[in-house]
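K.L.:
This is the structure, below, for whatever I ask next.
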Amino acid sequence: MQFSEAWLRTLVNPKLDTDQLCHLMTMAGLEVEEAVSVAPTFNNVVVAEILTAERHPNADRLQVCTVDVGAGEPLQIVCGAPNARAGLRTACAMVGAELPGNFKIKQAKVRDVASSGMLCSAKELGIAEAAEGIMELPADAPVGKPLRQYLDLDDKLITIKMTPNRGDCLSMQGIAREVAAISGSAAHPVACTPVAAGLADTQAVTIEAQAACPVYCGRVIRGVNPNAATPDWMVRRLQRCGVRAISPVVDVTNYVLLELGEPMHAFDLAKVAGGIRVRAAQAGERLALLNDQTVDLTEGTLVIADDSGPVALAGIMGGAASAVSETTADIFLEAAHFTPDAMAGRARAYGLSTDSSHRFERGVDAALPAAAMERATRLILDICGGQAGPVTVAGATAGPRPGIRFRPERARRLLGMAVDDAEMCAIFVRLGLDMEADGKVWQVTSPSYRFDLAIEVDLIEEIARVKGYDNLPAVLPQTLAGMPGLPEQQRGQAVAKERLMALGYQEVITYSFIDARQQEMVAPGIEPITLVNPIASQMGVMRGSLIPGLLGTLRHNLNHGQERLRIFELGRCFLGTDSAGQPLRLGGLAYGPAHPEQWGEGARMVDYFDVKADLEALLWPMTAVYAKGEHPALHPGQCARVTVAGQAAGWLGALHPRLVQQLGLNRAPVLFELDWAALATRELPRYRTVSRFPAVRRDIAVVVENALAVAEILAAVQAALPALVTDVALFDVYQGKGVPEGKKSLAFKMLLQDTEKTLTDVEIEKTVSEVLAFMSERFGATLRS
């Protein structure tokens with residue numbers, strides 16, 4: 001929020017210069033981003049009046065002006081501005097003045113006519129970026145008064161960065177309260193004296209959405225002067241807060257928003273049909289807004305409506321059909337309270353962001369509408385004239401805020417510094433808090449505008465803020481440090497990451513928020529967790545898989561010319577709102593050449609088996625079973641379900657051709673996604689006696705059905721191995737001549753060994769026969785002849 005320091009000092013004026021004030025605000029939590037001067041440095045420029053303006057004898061576009069500068073004889077100044085005329089009050093730079101850009105004014109002759117000064121435009125003084133002519137000041141501007149003093153050009157524009165919970169500081173009055181509390185200076189509240197009704201006219205108001213709009217104040221004002229002008233002091237304050245002056249009535253509502261923090265709106269009463277209703281929008285309704293945008297209202301959006309339909313988006317923007325104009329004589333003034341829950345994300349849903357929605361989303365004082373109504377009424381009557389009717393109030397503000405239990409002793413312990421009870425009490429009084437002490441426990445009640453104070457630690461933070469965070473002592477914590485033991489069978493995340501990095505992968509961290517379309521690509525038909533208030537339209541749901549983030553990183557790298565990529569991510573996915581629905585997963589992606597470009601090996605693209613080898617290296621000493629499966633994001637013929645220690649761990653496979661085409665990729669990347677819970681535990685090493693006797697190898701070839709998976713056979717055989725068999729492994733697969741159609745030949749090697757003796761031929765043949773018999777019985781395998 002940007003504001004004028006001079007305006008702030010009319011409400012609270014601590015004995016601090018600008019730099020000290022900014023530092024104090026920053027250390028109290030109102031971070032000052034910058035403080036800049038309203039105008040660049042210049043001097044010896046005064047308010048002047050042009051007495052005469054005659055055509056230059058030697059130039060068609062120049063005028064010779066007689067100028068009163070309020071001191072001695074009038075000056076003769078040559079001016080080329082088209083708007084220079086007799087009677088105009090403007091800015092005059094005297095001889096010896098120094099203007100921005102190190103431009104010095106000297107006595108000169110212009111086309112043989114003496115010129116003793118310069119009549120200045122706002123651009124030449126650095127006040128505006130562009131100007132059509134010299135400055136035009138009000139007719140009552142005091143001649144001879146220094147321009148910097150008259151326009152308060154020594155003012156500073158302060159910009160503060162507000163935290164979302166401090167909506168009460170989005171106003172001059174709110175900032176003044178804070179400055180008064182942290183500096184100990186006296187604050188001067190804005191006068192909101194009730195305005196007596198001059199007529200009996202009212203407008204009926206009905207609230208149909210009480211939960212979203214607890215209170216609504218309205219007032220009829222008749223006979224306003226449409227030709228009235230907004231006072232210069234108000235225009236100046238609005239402009240220095242970044243708000244453009246439009247018309248007196250609109251300017252007053254904007255001014256009250258900046259001054260008190262209450263968004264207001266004025267309707268042209270002649271354009272309002274019947275009573276005002278605060279209700280939810282209905283299906284099919286449309287509204288043309290003040291910014292010339294027409295929106296299709298979503299059912300449930302809070303609107304202000306009359307008998308003809310919606311006339312404003314509640315708390316966001318008014319409608320064009322009921323807006324005040326240059327002919328408006330009667331207005332209906334609105335000041336209402338809309339809850340943050342009802343306003344959150346509503347403006348962004350329509351592509352809007354307004355000062356009103358910004359405040360209502362963060363919270364506005366529920367007791368403010370009545371005071372803002374009186375303040376705005378007084379300003380309108382003073383500026384535009386007219387007569388005001390009585391205030392119509394629908395609904396009611398909530399009662400006093402509940403008390404907060406506060407223990408001074410706990411506050412001292414958490415702050416790490418000695419703050420006596422009297423000082424805490426004084427801080428609470430400066431903050432406007434009420435207290436009731438009952439021994440060692442206080443009951444503290446916050447005012448309605450401090451809706452951010454809810455629990456005890458909030459009050460403790462207030463004490464730290466007011467004392468200043470830079471005044472808190474730096475005390476090292478005193479505790480017994482110890483390194484918790486990690487069970488040996490537990491695999492640390494760092495170990496897995498280091499192993500993947502050793503395999504050539506790089507770690508990435510992607511957003512947990514993704515586009516709903518990305519979620520649908522990898523998990524069609526599964527309802528994602530939708531965010532109520534997303535930070536961007538393309539981040540509307542929580543990810544149910546790591547795959548979208550990995551693919552997004554791939555596309556980003558390809559767009560930057562990186563054709564070979566190995567990446568992984570360890571992060572949570574979100575399948576539900578409870579902790580069980582947020583599994584930690586390890587995902588990876590490989591794309592491009594299998595190896596960096598080199599002379600020793602021919603170029604080939606990475607494939608399923610390359611990544612499978614990386615997974616086996618990652619899982620060691622555990623082994624995984626890879627079974628054919630189907631995943632909506634993976635290639636039907638290159639997809640495997642991964643099982644580790646009998647537990648389903650995840651998936652491995654190439655990207656589905658449909659997604660390859662949608663993403664515009666030249667080839668399919670290979671991906672894996674595994675549940676960390678299945679990888680986190682590993683088998684402990686166990687001692688096994690090393691035999692002193694030679695091992696014997698026997699090779700067998702069996703014929704089985706072509707559809708039978710080798711992994712299934714090996715798993716079953718290894719589970720039922722005779723004691724003498726130490727290892728079984730596949731070394732050949734054959735289909736063709738000599739093997740029946742629909743069958744395949746699998747060649748296994750078996751290692752046999754005894755720890756106590758050398759095996760005899762009889763023992764060897766018996767053991768091989770047992771293995772063959774098991775294969776025949778379990779899988780229908782026959783020994784290949």
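Each chain in the structure tokens gets a letter, A, B, ..., in the order shown, and its residues are numbered from 1; ligands are numbered from 1 in order too.
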Give me the residues within 10 Å of A:Leu550 as a ChimeraX atom specification, counting only C-alpha atoms and dropping any in the same chain fewer than 6 places off.

P.N.:
/A:508-510,556,567-569,587-590,671

K.L.:
Identify, on the basis of only C-alpha atoms, every residue whose closest approach to A:Val393 does not exceed 10 Å; exclude the query and any residue fewer than 2 positions from it along the same chain; express the result as a list in words.

P.N.:
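Counting only the stated atoms, we get Ala204, Val205, Thr206, Val215, Tyr216, Cys217, Gly218, Arg219, Ala335, Ala336, Pro369, Ala370, Pro390, Val391, Gly395 and Ala396 of chain A.
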
K.L.:
Kindly save the residues from that selection, with all heavy atoms included, as a compact mmCIF listing (two decimals), in the first residue's frame.

P.N.:
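Everything below was put into out15.txt:
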```
# COMPACT_ATOMS: atom_id res chain seq x y z
N ALA A 204 -35.37 0.59 0.75
CA ALA A 204 -35.52 -0.71 1.40
C ALA A 204 -34.30 -1.58 1.13
O ALA A 204 -33.81 -1.65 0.00
CB ALA A 204 -36.79 -1.40 0.92
N VAL A 205 -33.81 -2.26 2.17
CA VAL A 205 -32.64 -3.14 2.05
C VAL A 205 -32.99 -4.48 2.69
O VAL A 205 -33.48 -4.52 3.83
CB VAL A 205 -31.39 -2.54 2.73
CG1 VAL A 205 -30.23 -3.53 2.68
CG2 VAL A 205 -31.01 -1.22 2.09
N THR A 206 -32.72 -5.56 1.97
CA THR A 206 -32.97 -6.91 2.48
C THR A 206 -31.70 -7.74 2.30
O THR A 206 -31.11 -7.74 1.21
CB THR A 206 -34.12 -7.59 1.72
OG1 THR A 206 -35.29 -6.76 1.81
CG2 THR A 206 -34.43 -8.95 2.33
N VAL A 215 -23.93 -7.22 7.93
CA VAL A 215 -24.53 -5.89 8.11
C VAL A 215 -24.39 -5.09 6.81
O VAL A 215 -23.38 -5.19 6.10
CB VAL A 215 -23.86 -5.14 9.29
CG1 VAL A 215 -22.39 -4.91 9.02
CG2 VAL A 215 -24.56 -3.82 9.56
N TYR A 216 -25.44 -4.32 6.51
CA TYR A 216 -25.47 -3.49 5.30
C TYR A 216 -26.09 -2.15 5.67
O TYR A 216 -27.21 -2.10 6.18
CB TYR A 216 -26.29 -4.17 4.20
CG TYR A 216 -26.27 -3.47 2.87
CD1 TYR A 216 -25.49 -3.95 1.82
CD2 TYR A 216 -27.05 -2.33 2.63
CE1 TYR A 216 -25.48 -3.32 0.58
CE2 TYR A 216 -27.03 -1.70 1.39
CZ TYR A 216 -26.25 -2.19 0.38
OH TYR A 216 -26.23 -1.57 -0.85
N CYS A 217 -25.35 -1.06 5.44
CA CYS A 217 -25.86 0.29 5.70
C CYS A 217 -26.08 1.00 4.37
O CYS A 217 -25.24 0.92 3.46
CB CYS A 217 -24.86 1.09 6.54
SG CYS A 217 -24.55 0.40 8.17
N GLY A 218 -27.19 1.71 4.27
CA GLY A 218 -27.49 2.46 3.06
C GLY A 218 -28.08 3.81 3.42
O GLY A 218 -28.68 4.00 4.49
N ARG A 219 -27.93 4.79 2.50
CA ARG A 219 -28.46 6.13 2.77
C ARG A 219 -28.78 6.83 1.45
O ARG A 219 -27.97 6.79 0.51
CB ARG A 219 -27.42 6.95 3.54
CG ARG A 219 -27.94 8.29 4.04
CD ARG A 219 -26.92 8.95 4.94
NE ARG A 219 -27.53 9.60 6.09
CZ ARG A 219 -26.87 10.00 7.15
NH1 ARG A 219 -25.57 9.80 7.24
NH2 ARG A 219 -27.50 10.60 8.16
N ALA A 335 -22.51 1.07 2.39
CA ALA A 335 -21.35 0.65 3.20
C ALA A 335 -21.76 -0.65 3.87
O ALA A 335 -22.70 -0.67 4.66
CB ALA A 335 -20.97 1.70 4.23
N ALA A 336 -21.07 -1.74 3.56
CA ALA A 336 -21.47 -3.05 4.07
C ALA A 336 -20.24 -3.82 4.53
O ALA A 336 -19.10 -3.46 4.24
CB ALA A 336 -22.21 -3.84 2.99
N PRO A 369 -18.83 -0.05 8.85
CA PRO A 369 -19.78 0.54 7.89
C PRO A 369 -20.54 1.75 8.41
O PRO A 369 -20.71 2.73 7.68
CB PRO A 369 -20.72 -0.64 7.58
CG PRO A 369 -19.87 -1.85 7.77
CD PRO A 369 -18.97 -1.52 8.92
N ALA A 370 -21.00 1.71 9.65
CA ALA A 370 -21.79 2.84 10.17
C ALA A 370 -20.95 4.11 10.25
O ALA A 370 -21.39 5.20 9.85
CB ALA A 370 -22.35 2.48 11.55
N PRO A 390 -32.17 9.38 6.52
CA PRO A 390 -31.65 8.57 7.63
C PRO A 390 -30.91 7.35 7.11
O PRO A 390 -31.13 6.89 5.99
CB PRO A 390 -32.93 8.17 8.39
CG PRO A 390 -34.00 8.23 7.37
CD PRO A 390 -33.65 9.34 6.43
N VAL A 391 -30.01 6.80 7.93
CA VAL A 391 -29.25 5.60 7.56
C VAL A 391 -30.13 4.38 7.74
O VAL A 391 -30.74 4.19 8.79
CB VAL A 391 -27.98 5.47 8.41
CG1 VAL A 391 -27.22 4.20 8.05
CG2 VAL A 391 -27.08 6.69 8.24
N GLY A 395 -29.42 -6.13 9.09
CA GLY A 395 -28.51 -7.02 9.79
C GLY A 395 -27.97 -6.35 11.04
O GLY A 395 -28.45 -5.30 11.48
N ALA A 396 -26.96 -6.93 11.61
CA ALA A 396 -26.37 -6.38 12.83
C ALA A 396 -24.94 -6.85 12.95
O ALA A 396 -24.58 -7.95 12.49
CB ALA A 396 -27.17 -6.82 14.06
```

K.L.:
Please compute the atom CA of A:Pro534-atom CA of A:Arg362 distance, one decimal, in Å.

P.N.:
15.5 Å

K.L.:
Check stretch 334-428 of chain A with DSSP on the backbone and list each residue it calls alpha helix (DSSP H), as an MDAnalysis selection string.

P.N.:
chainID A and resid 340:343 346:349 355:362 368:384 408:415 421:428

K.L.:
Skip stretch 677-680 of chain A itself and residues of its chain fewer than 3 positions away, then list as a PyMOL selection string all residues within 6 Å of it, counting only C-alpha atoms.

P.N.:
chain A and resi 490-491+649

K.L.:
Can you list, as a PyMOL selection string, every protein, DNA or RNA residue that comes within 8 Å of A:Gly403 when you count only C-alpha atoms, leaving out same-chain residues fewer than 6 positions away?

P.N.:
chain A and resi 443-446

K.L.:
Have a look at atom CA of A:Arg85 and atom CA of A:Gln107 and let me know their distance in Å, one decimal.

P.N.:
22.0 Å

K.L.:
Just the number, please: distance in Å from atom CA of A:Val311 to atom CA of A:Val224, one decimal.

P.N.:
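Value for the atom CA of A:Val311-atom CA of A:Val224 distance: 21.4 Å.
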
K.L.:
Got a sec: who's within 9 Å of A:His337, counting only C-alpha atoms, leaving out chain neighbours fewer than 3 positions off, as a short mmCIF file (atom, residue, chain, number, x, y, z; two decimals) with C-alpha atoms, in the first residue's frame?

P.N.:
```
data_model
loop_
_atom_site.label_atom_id
_atom_site.label_comp_id
_atom_site.auth_asym_id
_atom_site.auth_seq_id
_atom_site.Cartn_x
_atom_site.Cartn_y
_atom_site.Cartn_z
CA ALA A 212 -21.81 -13.59 3.84
CA CYS A 213 -23.07 -10.08 4.65
CA PRO A 214 -23.78 -9.62 8.39
CA VAL A 215 -24.53 -5.89 8.11
CA TYR A 216 -25.47 -3.49 5.30
CA CYS A 217 -25.86 0.29 5.70
CA GLU A 262 -14.12 0.61 4.44
CA PRO A 263 -14.93 -0.03 0.75
CA GLY A 315 -17.39 -6.20 -2.38
CA PHE A 360 -12.56 -7.75 2.07
CA VAL A 364 -12.45 -5.44 7.32
CA ASP A 365 -13.67 -4.17 10.68
CA ALA A 366 -17.27 -5.36 10.98
CA ALA A 367 -18.14 -2.25 13.01
CA LEU A 368 -16.83 0.15 10.35
CA PRO A 369 -19.78 0.54 7.89
CA THR A 397 -22.71 -6.39 13.77
#
```

K.L.:
For the strand (DSSP E or B) assignment from backbone DSSP, which residues of stretch 684-729 of chain A qualify? Please present them as a PDB file with N, CA and C atoms, in the first residue's frame.

P.N.:
```
ATOM      1  N   VAL A 696      28.971 -76.921  -8.095  1.00  0.00           N
ATOM      2  CA  VAL A 696      28.709 -77.659  -9.328  1.00  0.00           C
ATOM      3  C   VAL A 696      27.630 -76.912 -10.107  1.00  0.00           C
ATOM      4  N   ARG A 697      27.859 -76.744 -11.401  1.00  0.00           N
ATOM      5  CA  ARG A 697      26.864 -76.073 -12.258  1.00  0.00           C
ATOM      6  C   ARG A 697      26.182 -77.099 -13.134  1.00  0.00           C
ATOM      7  N   ARG A 698      24.877 -76.978 -13.199  1.00  0.00           N
ATOM      8  CA  ARG A 698      24.077 -77.788 -14.103  1.00  0.00           C
ATOM      9  C   ARG A 698      23.141 -76.858 -14.874  1.00  0.00           C
ATOM     10  N   ASP A 699      23.081 -77.042 -16.199  1.00  0.00           N
ATOM     11  CA  ASP A 699      22.189 -76.255 -17.046  1.00  0.00           C
ATOM     12  C   ASP A 699      21.013 -77.116 -17.463  1.00  0.00           C
ATOM     13  N   ILE A 700      19.831 -76.536 -17.380  1.00  0.00           N
ATOM     14  CA  ILE A 700      18.634 -77.253 -17.840  1.00  0.00           C
ATOM     15  C   ILE A 700      17.853 -76.323 -18.754  1.00  0.00           C
ATOM     16  N   ALA A 701      17.203 -76.877 -19.776  1.00  0.00           N
ATOM     17  CA  ALA A 701      16.348 -76.110 -20.688  1.00  0.00           C
ATOM     18  C   ALA A 701      14.962 -76.721 -20.634  1.00  0.00           C
ATOM     19  N   VAL A 702      13.974 -75.899 -20.339  1.00  0.00           N
ATOM     20  CA  VAL A 702      12.596 -76.388 -20.241  1.00  0.00           C
ATOM     21  C   VAL A 702      11.731 -75.608 -21.214  1.00  0.00           C
ATOM     22  N   VAL A 703      10.669 -76.253 -21.666  1.00  0.00           N
ATOM     23  CA  VAL A 703       9.715 -75.645 -22.598  1.00  0.00           C
ATOM     24  C   VAL A 703       8.445 -75.323 -21.823  1.00  0.00           C
ATOM     25  N   VAL A 704       8.007 -74.057 -21.912  1.00  0.00           N
ATOM     26  CA  VAL A 704       6.796 -73.609 -21.202  1.00  0.00           C
ATOM     27  C   VAL A 704       5.924 -72.797 -22.145  1.00  0.00           C
ATOM     28  N   GLU A 705       4.729 -72.428 -21.682  1.00  0.00           N
ATOM     29  CA  GLU A 705       3.835 -71.602 -22.470  1.00  0.00           C
ATOM     30  C   GLU A 705       4.468 -70.227 -22.693  1.00  0.00           C
ATOM     31  N   VAL A 725      20.798 -76.276  -3.582  1.00  0.00           N
ATOM     32  CA  VAL A 725      20.854 -75.301  -4.684  1.00  0.00           C
ATOM     33  C   VAL A 725      21.099 -73.918  -4.094  1.00  0.00           C
ATOM     34  N   THR A 726      22.181 -73.270  -4.507  1.00  0.00           N
ATOM     35  CA  THR A 726      22.502 -71.937  -3.983  1.00  0.00           C
ATOM     36  C   THR A 726      22.034 -70.816  -4.907  1.00  0.00           C
ATOM     37  N   ASP A 727      21.813 -71.120  -6.191  1.00  0.00           N
ATOM     38  CA  ASP A 727      21.376 -70.060  -7.104  1.00  0.00           C
ATOM     39  C   ASP A 727      20.762 -70.664  -8.349  1.00  0.00           C
ATOM     40  N   VAL A 728      19.736 -69.964  -8.872  1.00  0.00           N
ATOM     41  CA  VAL A 728      19.116 -70.316 -10.147  1.00  0.00           C
ATOM     42  C   VAL A 728      18.986 -69.031 -10.937  1.00  0.00           C
ATOM     43  N   ALA A 729      19.426 -69.040 -12.208  1.00  0.00           N
ATOM     44  CA  ALA A 729      19.344 -67.827 -13.020  1.00  0.00           C
ATOM     45  C   ALA A 729      19.080 -68.197 -14.461  1.00  0.00           C
TER      46      ALA A 729
END
```

K.L.:
Which of these residues is nearest to A:Glu520, using only C-alpha atoms: A:Ala186, A:Pro548, A:Val324, A:Thr159?

P.N.:
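With only C-alpha atoms as the atom set, the closest residue is A:Pro548.
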
K.L.:
Can you pull out the residues contacting A:Phe406? Cut-off 12 Å, using only C-alpha atoms, and skip same-chain residues under 4 positions away; I want them as number ranges by chain.

P.N.:
A: 410-412, 421, 424-425, 428, 434-445, 453-461, 463

K.L.:
Suppose we keep C-alpha atoms; can you now write the selection as a PDB file, in the first residue's frame?

P.N.:
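Produced file part27.pdb, reproduced below:
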```pdb
ATOM      1  CA  ARG A 410       4.601 -17.564  29.600  1.00  0.00           C
ATOM      2  CA  ALA A 411       5.086 -14.417  27.537  1.00  0.00           C
ATOM      3  CA  ARG A 412       8.399 -13.724  29.271  1.00  0.00           C
ATOM      4  CA  ASP A 421       3.544  -6.773  34.000  1.00  0.00           C
ATOM      5  CA  MET A 424       2.846  -5.421  29.115  1.00  0.00           C
ATOM      6  CA  CYS A 425      -0.258  -3.673  30.409  1.00  0.00           C
ATOM      7  CA  PHE A 428      -1.948  -3.530  25.514  1.00  0.00           C
ATOM      8  CA  ASP A 434      -9.085  -4.314  27.213  1.00  0.00           C
ATOM      9  CA  MET A 435      -7.793  -6.387  30.141  1.00  0.00           C
ATOM     10  CA  GLU A 436      -9.040  -8.043  33.269  1.00  0.00           C
ATOM     11  CA  ALA A 437      -6.362  -9.429  35.574  1.00  0.00           C
ATOM     12  CA  ASP A 438      -7.154 -12.436  37.724  1.00  0.00           C
ATOM     13  CA  GLY A 439      -3.953 -13.346  39.515  1.00  0.00           C
ATOM     14  CA  LYS A 440      -1.408 -14.765  37.118  1.00  0.00           C
ATOM     15  CA  VAL A 441      -3.901 -15.075  34.271  1.00  0.00           C
ATOM     16  CA  TRP A 442      -5.330 -12.119  32.320  1.00  0.00           C
ATOM     17  CA  GLN A 443      -8.381 -11.989  30.082  1.00  0.00           C
ATOM     18  CA  VAL A 444      -7.589  -9.739  27.123  1.00  0.00           C
ATOM     19  CA  THR A 445     -10.260  -8.551  24.675  1.00  0.00           C
ATOM     20  CA  LEU A 453      -5.758 -11.622  17.477  1.00  0.00           C
ATOM     21  CA  ALA A 454      -7.226 -14.992  18.444  1.00  0.00           C
ATOM     22  CA  ILE A 455      -4.868 -16.932  20.744  1.00  0.00           C
ATOM     23  CA  GLU A 456      -2.315 -16.266  23.442  1.00  0.00           C
ATOM     24  CA  VAL A 457       0.748 -16.302  21.200  1.00  0.00           C
ATOM     25  CA  ASP A 458      -0.832 -13.541  19.091  1.00  0.00           C
ATOM     26  CA  LEU A 459      -0.732 -11.282  22.153  1.00  0.00           C
ATOM     27  CA  ILE A 460       2.849 -12.295  22.902  1.00  0.00           C
ATOM     28  CA  GLU A 461       3.772 -11.370  19.342  1.00  0.00           C
ATOM     29  CA  ILE A 463       4.451  -7.316  22.814  1.00  0.00           C
TER      30      ILE A 463
END
```

K.L.:
Closest to A:Asp17 among A:Asp155, A:Ala281, A:Asn83, A:Asn254, using only C-alpha atoms?

P.N.:
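Looking only at the distances to A:Asp17, the closest residue turns out to be A:Asp155.
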